[in-house]
>>> print(open('input-v8.txt').read())   # compact mmCIF, C-alpha atoms
# COMPACT_ATOMS: atom_id res chain seq x y z
CA MET A 1 87.57 92.56 93.89
CA ASN A 2 89.98 94.15 91.45
CA GLU A 3 88.99 96.91 89.06
CA GLN A 4 89.06 94.67 86.01
CA ARG A 5 86.69 92.19 87.54
CA LEU A 6 84.50 94.95 88.94
CA ARG A 7 84.30 96.53 85.49
CA ALA A 8 83.40 93.20 83.93
CA LEU A 9 80.80 92.52 86.59
CA LEU A 10 79.17 95.90 86.12
CA ARG A 11 79.17 95.54 82.37
CA SER A 12 77.59 92.14 82.67
CA GLY A 13 74.75 93.69 84.62
CA GLU A 14 73.93 96.22 81.96
CA ASP A 15 70.80 95.82 79.92
CA ASP A 16 70.68 96.77 76.30
CA THR A 17 67.76 99.16 76.35
CA ARG A 18 67.88 101.26 73.23
CA PRO A 19 67.62 105.06 73.47
CA PRO A 20 64.51 106.65 72.05
CA ALA A 21 64.62 107.93 68.51
CA THR A 22 65.57 111.55 68.02
CA ALA A 23 62.11 112.44 66.72
CA ASP A 24 60.45 110.86 69.74
CA LEU A 25 62.81 112.62 72.09
CA LEU A 26 62.19 115.97 70.39
CA GLU A 27 58.45 115.38 70.56
CA GLY A 28 58.77 114.67 74.28
CA VAL A 29 60.74 117.90 74.73
CA ARG A 30 58.08 119.79 72.78
CA LEU A 31 55.30 118.38 74.98
CA ARG A 32 57.21 119.31 78.12
CA LEU A 33 57.71 122.84 76.90
CA ARG A 34 54.03 123.12 76.07
CA ARG A 35 53.05 121.83 79.51
CA ARG A 36 55.49 124.25 81.09
CA THR A 37 53.97 127.17 79.19
CA GLN A 38 50.48 126.05 80.13
CA ARG A 39 51.54 125.66 83.74
CA GLN A 40 52.99 129.17 83.79
CA ALA A 41 49.80 130.53 82.20
CA GLY A 42 47.75 128.57 84.73
CA VAL A 43 49.77 130.00 87.59
CA THR A 44 49.26 133.50 86.19
CA VAL A 45 45.52 132.96 85.81
CA ALA A 46 45.27 131.40 89.28
CA ALA A 47 47.18 134.28 90.81
CA THR A 48 44.93 136.76 89.04
CA ILE A 49 41.79 134.93 90.18
CA LEU A 50 43.13 134.78 93.73
CA LEU A 51 43.91 138.48 93.68
CA VAL A 52 40.50 139.40 92.28
CA SER A 53 38.76 137.08 94.76
CA THR A 54 40.67 138.63 97.62
CA LEU A 55 39.69 142.11 96.48
CA VAL A 56 36.04 141.11 96.05
CA VAL A 57 35.90 139.46 99.45
CA SER A 58 37.57 142.40 101.12
CA GLN A 59 35.11 144.77 99.42
CA ARG A 60 32.16 142.70 100.59
CA LEU A 61 33.41 142.71 104.13
CA GLU A 62 33.23 146.51 104.09
CA PRO A 63 29.77 147.95 105.01
CA VAL A 64 27.81 149.18 102.04
CA GLY A 65 27.22 152.92 101.95
CA PRO A 66 28.76 155.57 104.14
CA ARG A 67 30.51 154.26 107.19
CA VAL A 68 28.58 154.84 110.42
CA VAL A 69 30.82 155.74 113.32
CA GLN A 70 29.34 155.17 116.75
CA THR A 71 30.10 158.17 118.93
CA ASP A 72 28.46 159.88 121.89
CA ARG A 73 28.02 163.04 119.87
CA PRO A 74 25.04 163.36 117.53
CA ALA A 75 25.83 163.03 113.88
CA ALA A 76 27.26 166.25 112.55
CA VAL A 77 24.93 168.27 110.33
CA THR A 78 26.66 170.22 107.65
CA MET A 79 25.67 173.61 106.33
CA ASP A 80 27.56 175.25 103.49
CA GLY A 81 30.40 172.88 104.01
CA LYS A 82 30.70 173.66 107.71
CA GLU A 83 29.52 171.59 110.60
CA LEU A 84 27.19 173.06 113.21
CA PRO A 85 29.74 172.77 115.99
CA ASP A 86 31.88 175.14 113.94
CA TYR A 87 29.02 177.67 113.75
CA ALA A 88 28.35 177.35 117.49
CA ALA A 89 31.98 178.07 118.33
CA GLU A 90 31.99 181.05 116.00
CA ALA A 91 28.75 182.38 117.54
CA ASP A 92 30.17 182.00 121.05
CA LEU A 93 33.25 183.92 120.01
CA ARG A 94 31.23 186.74 118.48
CA ALA A 95 28.89 186.97 121.53
CA ALA A 96 31.89 187.27 123.83
CA LEU A 97 33.25 190.02 121.60
CA VAL A 98 29.94 191.94 121.67
CA GLN A 99 29.75 191.64 125.45
CA ARG A 100 33.22 193.06 125.76
CA MET A 101 32.30 195.93 123.42
CA ILE A 102 29.16 196.72 125.48
CA ALA A 103 31.16 196.72 128.70
CA GLY A 104 33.68 199.03 127.08
CA GLU A 105 30.91 201.42 125.99
CA ARG A 106 29.46 201.48 129.50
CA ALA A 107 32.84 202.22 131.02
CA ALA A 108 33.42 205.04 128.51
CA ALA A 109 30.00 206.58 129.28
CA ARG A 110 30.71 206.45 133.01
CA ILE A 111 34.03 208.13 132.44
CA ARG A 112 32.35 210.85 130.39
CA GLU A 113 29.83 211.45 133.18
CA LEU A 114 32.55 211.75 135.78
CA GLU A 115 34.51 214.11 133.58
CA ALA A 116 31.42 216.32 133.10
CA GLU A 117 30.79 216.31 136.79
CA LEU A 118 34.34 217.32 137.47
CA ALA A 119 34.07 220.07 134.87
CA ARG A 120 30.98 221.53 136.57
CA PRO A 121 31.91 224.56 138.86
CA LEU A 122 31.69 223.95 142.58
CA PRO A 123 28.83 225.84 144.36
CA ASP A 124 29.81 228.82 146.55
CA LEU A 125 29.64 227.58 150.10
CA ARG A 126 29.12 231.06 151.51
CA VAL A 127 26.17 231.64 149.20
CA SER A 128 24.65 228.31 149.99
CA THR A 129 25.19 228.77 153.66
CA ARG A 130 23.68 232.21 153.46
CA THR A 131 20.74 230.78 151.60
CA GLN A 132 20.27 228.08 154.21
CA VAL A 133 20.47 230.69 156.96
CA GLU A 134 17.95 232.87 155.16
CA LEU A 135 15.64 229.87 154.75
CA ALA A 136 15.93 229.00 158.42
CA ALA A 137 15.34 232.65 159.43
CA ALA A 138 12.34 232.84 157.13
CA THR A 139 10.89 229.67 158.65
CA LEU A 140 11.30 231.01 162.13
CA PHE A 141 9.85 234.41 161.21
CA ARG A 142 6.82 232.78 159.52
CA ALA A 143 6.24 230.74 162.61
CA GLY A 144 6.11 234.01 164.61
CA GLU A 145 3.72 235.51 162.06
CA ARG A 146 1.37 232.51 162.33
CA VAL A 147 1.41 232.59 166.11
CA ARG A 148 0.65 236.33 166.23
CA ASN A 149 -1.99 236.50 163.41
CA GLU A 150 -3.75 233.12 163.62
CA LEU A 151 -3.51 232.26 167.28
CA ARG A 152 -3.80 235.90 168.40
CA THR A 153 -1.04 235.45 170.88
CA ALA A 154 1.13 238.55 170.38
CA SER A 155 3.52 237.77 173.14
CA ALA A 156 4.38 234.32 171.68
CA GLY A 157 4.83 235.85 168.25
CA CYS A 158 7.05 238.53 169.64
CA ARG A 159 9.25 235.89 171.18
CA GLN A 160 9.59 234.29 167.79
CA TYR A 161 10.64 237.66 166.28
CA GLN A 162 13.11 238.10 169.07
CA ALA A 163 14.53 234.65 168.33
CA VAL A 164 14.95 235.52 164.65
CA ILE A 165 16.83 238.66 165.60
CA GLU A 166 19.05 236.79 168.04
CA VAL A 167 19.77 233.66 165.95
CA TYR A 168 19.94 235.18 162.45
CA PRO A 169 20.80 238.84 163.11
CA GLU A 170 22.41 239.41 159.65
CA THR A 171 19.42 238.31 157.63
CA ALA A 172 16.72 240.32 155.98
CA TRP A 173 14.27 238.43 158.16
CA ALA A 174 15.95 239.80 161.24
CA GLN A 175 15.35 243.41 160.03
CA LEU A 176 11.73 242.56 159.35
CA ALA A 177 11.48 240.94 162.78
CA ARG A 178 12.78 244.16 164.38
CA ARG A 179 10.02 246.11 162.76
CA ARG A 180 7.42 243.66 164.00
CA LEU A 181 8.97 243.66 167.41
CA ALA A 182 8.65 247.46 167.51
CA ASP A 183 4.90 247.03 167.25
CA CYS A 184 4.79 244.49 170.04
CA PRO A 185 3.30 245.63 173.31
CA GLY A 186 5.80 246.58 175.97
CA SER A 187 8.66 247.21 173.46
CA MET B 1 66.40 140.40 79.12
CA ARG B 2 66.89 138.09 76.19
CA GLN B 3 64.06 135.89 75.07
CA PRO B 4 64.77 132.16 75.61
CA VAL B 5 65.42 130.10 72.50
CA ALA B 6 62.32 128.00 73.09
CA ASP B 7 60.12 131.08 73.11
CA ARG B 8 61.88 132.45 70.08
CA VAL B 9 61.28 129.20 68.22
CA ASP B 10 57.65 128.99 69.31
CA SER B 11 56.96 132.58 68.32
CA ALA B 12 59.13 132.53 65.21
CA ARG B 13 57.52 133.46 61.94
CA PRO B 14 58.07 131.21 58.95
CA GLY B 15 61.36 132.15 57.44
CA ASP B 16 62.90 133.25 60.73
CA ALA B 17 66.43 132.21 59.97
CA GLY B 18 67.76 132.59 63.53
CA ALA B 19 65.07 130.44 65.11
CA ALA B 20 65.32 127.81 62.41
CA ASP B 21 69.08 127.67 62.83
CA ALA B 22 68.73 127.25 66.61
CA ALA B 23 66.20 124.47 66.17
CA ALA B 24 68.45 122.72 63.66
CA ARG B 25 71.47 122.95 65.93
CA PHE B 26 69.48 121.70 68.89
CA THR B 27 68.22 118.75 66.87
CA ALA B 28 71.81 117.94 65.95
CA LEU B 29 72.78 118.07 69.63
CA VAL B 30 69.97 115.70 70.55
CA GLU B 31 70.98 113.35 67.75
CA SER B 32 74.62 113.29 68.81
CA GLU B 33 74.19 113.13 72.58
CA ARG B 34 71.02 111.13 73.12
CA VAL B 35 72.77 107.76 73.21
CA HIS B 36 75.40 108.91 75.68
CA VAL B 37 72.91 110.68 77.98
CA HIS B 38 70.45 107.79 77.78
CA ARG B 39 73.14 105.30 78.71
CA LEU B 40 74.31 107.41 81.64
CA VAL B 41 70.78 107.88 82.98
CA ARG B 42 69.98 104.20 82.52
CA ARG B 43 73.14 103.21 84.39
CA LEU B 44 72.42 105.62 87.24
CA LEU B 45 68.72 104.89 87.62
CA GLY B 46 68.61 101.30 86.41
CA ALA B 47 66.30 100.13 83.69
CA GLY B 48 62.82 101.47 84.11
CA GLY B 49 60.17 103.75 82.83
CA GLU B 50 61.76 106.84 84.38
CA VAL B 51 64.82 106.78 82.14
CA ASP B 52 63.06 108.30 79.16
CA ASP B 53 61.36 110.80 81.44
CA VAL B 54 64.70 111.99 82.81
CA LEU B 55 66.16 112.03 79.32
CA GLN B 56 63.43 114.37 78.12
CA ASP B 57 63.93 116.48 81.20
CA VAL B 58 67.65 116.85 80.47
CA PHE B 59 67.14 117.93 76.87
CA THR B 60 64.30 120.25 77.86
CA ARG B 61 66.70 122.04 80.17
CA ALA B 62 69.24 122.21 77.39
CA TRP B 63 66.58 123.78 75.15
CA LEU B 64 65.62 126.31 77.79
CA ASN B 65 69.31 127.20 78.30
CA TRP B 66 70.21 127.05 74.65
CA ASP B 67 71.85 130.48 74.58
CA ARG B 68 74.38 129.16 77.07
CA VAL B 69 74.65 125.57 75.84
CA ARG B 70 75.33 126.51 72.21
CA GLN B 71 78.45 128.40 73.25
CA LEU B 72 79.96 125.46 75.16
CA ASP B 73 82.93 123.60 73.71
CA ALA B 74 81.76 120.33 75.26
CA PRO B 75 77.98 120.39 75.67
CA GLY B 76 78.15 116.66 76.44
CA ALA B 77 79.79 117.36 79.80
CA TRP B 78 77.12 119.92 80.60
CA LEU B 79 74.43 117.42 79.67
CA SER B 80 76.11 114.77 81.85
CA ARG B 81 76.12 117.11 84.81
CA VAL B 82 72.47 117.97 84.28
CA ALA B 83 71.66 114.27 83.90
CA ILE B 84 73.47 113.39 87.14
CA ASN B 85 71.59 116.13 89.02
CA ALA B 86 68.29 115.02 87.51
CA CYS B 87 68.98 111.41 88.55
CA ARG B 88 69.87 112.53 92.08
CA ALA B 89 66.60 114.46 92.32
CA ARG B 90 64.70 111.47 90.99
CA MET B 91 66.36 109.06 93.44
CA ARG B 92 65.71 111.48 96.29
CA ARG B 93 62.07 111.60 95.30
CA GLN B 94 61.94 107.81 95.12
CA ARG B 95 63.42 107.57 98.61
CA LEU B 96 60.85 110.00 100.00
CA TRP B 97 58.15 108.09 98.19
CA ARG B 98 59.29 104.84 99.80
CA LEU B 99 59.45 106.46 103.22
CA TRP B 100 56.01 107.95 102.79
CA PHE B 101 54.38 104.72 101.68
CA ARG B 102 56.69 102.50 103.77
CA GLN B 103 57.91 100.64 100.76
CA THR B 104 61.15 98.69 100.72
CA ARG B 105 64.08 99.30 98.43
CA PRO B 106 64.51 97.06 95.42
CA ALA B 107 65.53 93.62 96.58
CA ALA B 108 69.28 93.45 96.98
CA ALA B 109 71.26 90.49 95.76
CA THR B 110 71.88 87.67 98.19
CA ARG B 111 75.05 85.73 98.57
CA THR B 112 73.38 82.57 97.53
CA ASP B 113 72.80 83.90 94.02
CA ALA B 114 75.18 83.14 91.25
CA ARG B 115 77.93 85.73 91.49
CA ASP B 116 77.98 86.82 87.84
CA ASP B 117 74.26 86.73 87.24
CA PRO B 118 73.46 90.06 85.42
CA ALA B 119 70.19 90.49 87.29
CA ARG B 120 72.00 90.02 90.58
CA VAL B 121 74.64 92.60 89.64
CA ARG B 122 71.92 95.06 88.64
CA ALA B 123 70.11 94.46 91.92
CA ALA B 124 73.33 94.94 93.88
CA LEU B 125 74.01 98.21 92.08
CA ALA B 126 70.45 99.40 92.63
CA GLY B 127 70.78 98.57 96.32
CA LEU B 128 73.66 100.99 96.76
CA GLY B 129 73.19 104.59 97.68
CA HIS B 130 73.24 107.11 94.85
CA ALA B 131 76.64 108.48 95.89
CA ASP B 132 78.23 105.02 95.60
CA ARG B 133 76.39 104.26 92.41
CA GLU B 134 77.49 107.54 90.80
CA VAL B 135 81.20 106.97 91.29
CA LEU B 136 81.03 103.32 90.19
CA VAL B 137 79.05 104.13 87.06
CA LEU B 138 81.20 107.09 86.07
CA ARG B 139 84.51 105.45 86.81
CA TYR B 140 83.98 101.86 85.62
CA LEU B 141 81.13 102.06 83.13
CA GLU B 142 81.60 105.51 81.64
CA GLU B 143 85.36 104.93 81.80
CA LEU B 144 86.06 108.44 83.06
CA SER B 145 89.29 109.30 84.84
CA THR B 146 89.24 110.11 88.52
CA ASP B 147 89.80 113.77 87.69
CA ASP B 148 86.87 113.83 85.28
CA VAL B 149 84.65 112.13 87.86
CA ALA B 150 85.75 114.72 90.44
CA GLY B 151 84.98 117.54 88.00
CA LEU B 152 81.54 116.17 87.15
CA LEU B 153 80.53 115.58 90.74
CA GLY B 154 82.14 118.73 92.09
CA LEU B 155 84.38 116.76 94.44
CA SER B 156 88.11 116.59 95.10
CA ARG B 157 90.17 113.72 93.72
CA ALA B 158 90.72 112.36 97.24
CA ALA B 159 87.01 112.40 97.92
CA VAL B 160 86.37 110.49 94.70
CA ASP B 161 88.99 107.91 95.65
CA ALA B 162 87.44 107.51 99.07
CA ARG B 163 83.97 107.11 97.62
CA LEU B 164 85.23 104.61 95.06
CA SER B 165 86.89 102.54 97.74
CA ARG B 166 83.78 102.56 99.88
CA ALA B 167 81.53 101.74 96.93
CA ARG B 168 83.72 98.80 95.87
CA ARG B 169 83.68 97.43 99.37
CA ARG B 170 79.92 97.70 99.69
CA LEU B 171 79.32 96.15 96.30
CA GLY B 172 81.75 93.36 97.16
CA ASP B 173 79.88 92.77 100.41
CA VAL B 174 76.61 92.49 98.56
CA LEU B 175 78.00 90.22 95.86
CA GLY B 176 80.08 88.18 98.32
CA ASP B 177 83.32 88.94 96.57
CA ARG B 178 85.82 90.87 98.67
CA HIS B 179 88.98 89.47 97.28
CA GLU B 180 90.87 92.45 95.89
>>> encode(input="input-v8.txt", output="structure tokens")
Amino acid sequence: MNEQRLRALLRSGEDDTRPPATADLLEGVRLRLRRRTQRQAGVTVAATILLVSTLVVSQRLEPVGPRVVQTDRPAAVTMDGKELPDYAAEADLRAALVQRMIAGERAAARIRELEAELARPLPDLRVSTRTQVELAAATLFRAGERVRNELRTASAGCRQYQAVIEVYPETAWAQLARRRLADCPGS
Amino acid sequence: MRQPVADRVDSARPGDAGAADAAARFTALVESERVHVHRLVRRLLGAGGEVDDVLQDVFTRAWLNWDRVRQLDAPGAWLSRVAINACRARMRRQRLWRLWFRQTRPAAATRTDARDDPARVRAALAGLGHADREVLVLRYLEELSTDDVAGLLGLSRAAVDARLSRARRRLGDVLGDRHE
């Protein structure tokens, strides 16, 4: 098929439909533009409705009121903006501090006592020993006195005087025992 | 961002000289190009109710792109390109529609028909694919040169020649005329 014949064939197949009038075409364009504007507005409205619906649904899914959190701990009670656990911790801290202060005071008092004890002058061992010796000599002498005066056994009392003189010769009780012994029979 | 001409015209106050001038120039473009665009769309799609629909679509796009179209030296070529793309989209939609509803293509011409019967030629042309139909319409009915066809379709000259050759062969097969 050559080009001339092809061209003729194609032209023979053409129909003679007339184009629309300019006014009709412009009216069609105007309607399309109006529909396009309405469609854009519809899309905007639909998007807004969808957004609002999503927000409303998401709000309704949330529990109304304060959120309740399930925990093992009891619900915290607030006082002056602080929770009780905070007060408890603070109280524990202060109690520990007071205990440490009391222990420190006790230690200081003990130290003061020890210092005072150290500052006290040591007793004279010779005096105390002398006193003990005097006490022992007195006890022995009194025993001799009781034997001689109450039991009326002069010989037994004289032995007690003799013992005082022998055991505690340097005491005043020994001198007194010598005088008593001088009165004993057979001296 | 500049406001489109259509919006400017719609929102123009009476006495808005710029909007009125744009509307007047657009009306003049429609008046001068409507026959050419209508003929091209009718040749590409075949006679039917969709021709006027596509025609309105083409000029609506021109209106929406008026800031660009009014500066063109040859707005007719731009309109032709838009019309070709609109026809391609329409034919693609028709093909999907047929596949979806398992419809058949328009009845192709048979070799027993009279060779020069106009209805048979129209049926043979409608039976071709849109790529074949485009090159035949532009080259032999619109009387464009091969270079112009290549420019409109965004193809190389060699590709246009190849498509023309293939389209002629297929049309000849359908019409039973392969004598070159």
>>> interface_residues(input="input-v8.txt", of="chain A", to="chain B", cutoff="10 Å", atoms="only C-alpha atoms", output="ChimeraX atom specification")
/A:1-34,37
>>> atom_distance(input="input-v8.txt", atom1="CA of Ala167 (chain B)", atom2="CA of Arg81 (chain B)")
20.3 Å
>>> atom_distance(input="input-v8.txt", atom1="CA of Gly154 (chain B)", atom2="CA of Gly127 (chain B)")
23.5 Å
>>> residues_around(input="input-v8.txt", residues="region 157-173 of chain A", least_positions_apart="4", cutoff="8 Å", atoms="all atoms listed in the file", output="list in words")
Val133, Glu134, Ala137, Ala138, Leu140, Phe141, Ala143, Gly144, Glu145, Arg146, Val147, Arg148, Thr153, Ala177, Arg178, Arg180, Leu181 and Cys184 of chain A
>>> atom_distance(input="input-v8.txt", atom1="CA of Arg112 (chain A)", atom2="CA of Ala96 (chain A)")
24.5 Å
>>> residues_around(input="input-v8.txt", residues="Val135 (chain B)", least_positions_apart="4", cutoff="12 Å", atoms="all atoms listed in the file", output="count of residues only")
37
>>> axis_aligned_box(input="input-v8.txt", around="region 131-138 of chain A", padding_each_side="5 Å", output="lines of an AutoDock Vina configuration file")
center_x = 16.5
center_y = 230.5
center_z = 155.5
size_x = 18.4
size_y = 14.8
size_z = 17.8
>>> residues_around(input="input-v8.txt", residues="Leu45 (chain B)", least_positions_apart="6", cutoff="9 Å", atoms="all atoms listed in the file", output="VMD selection string")
chain B and resid 51 87 to 88 90 to 91 126 130
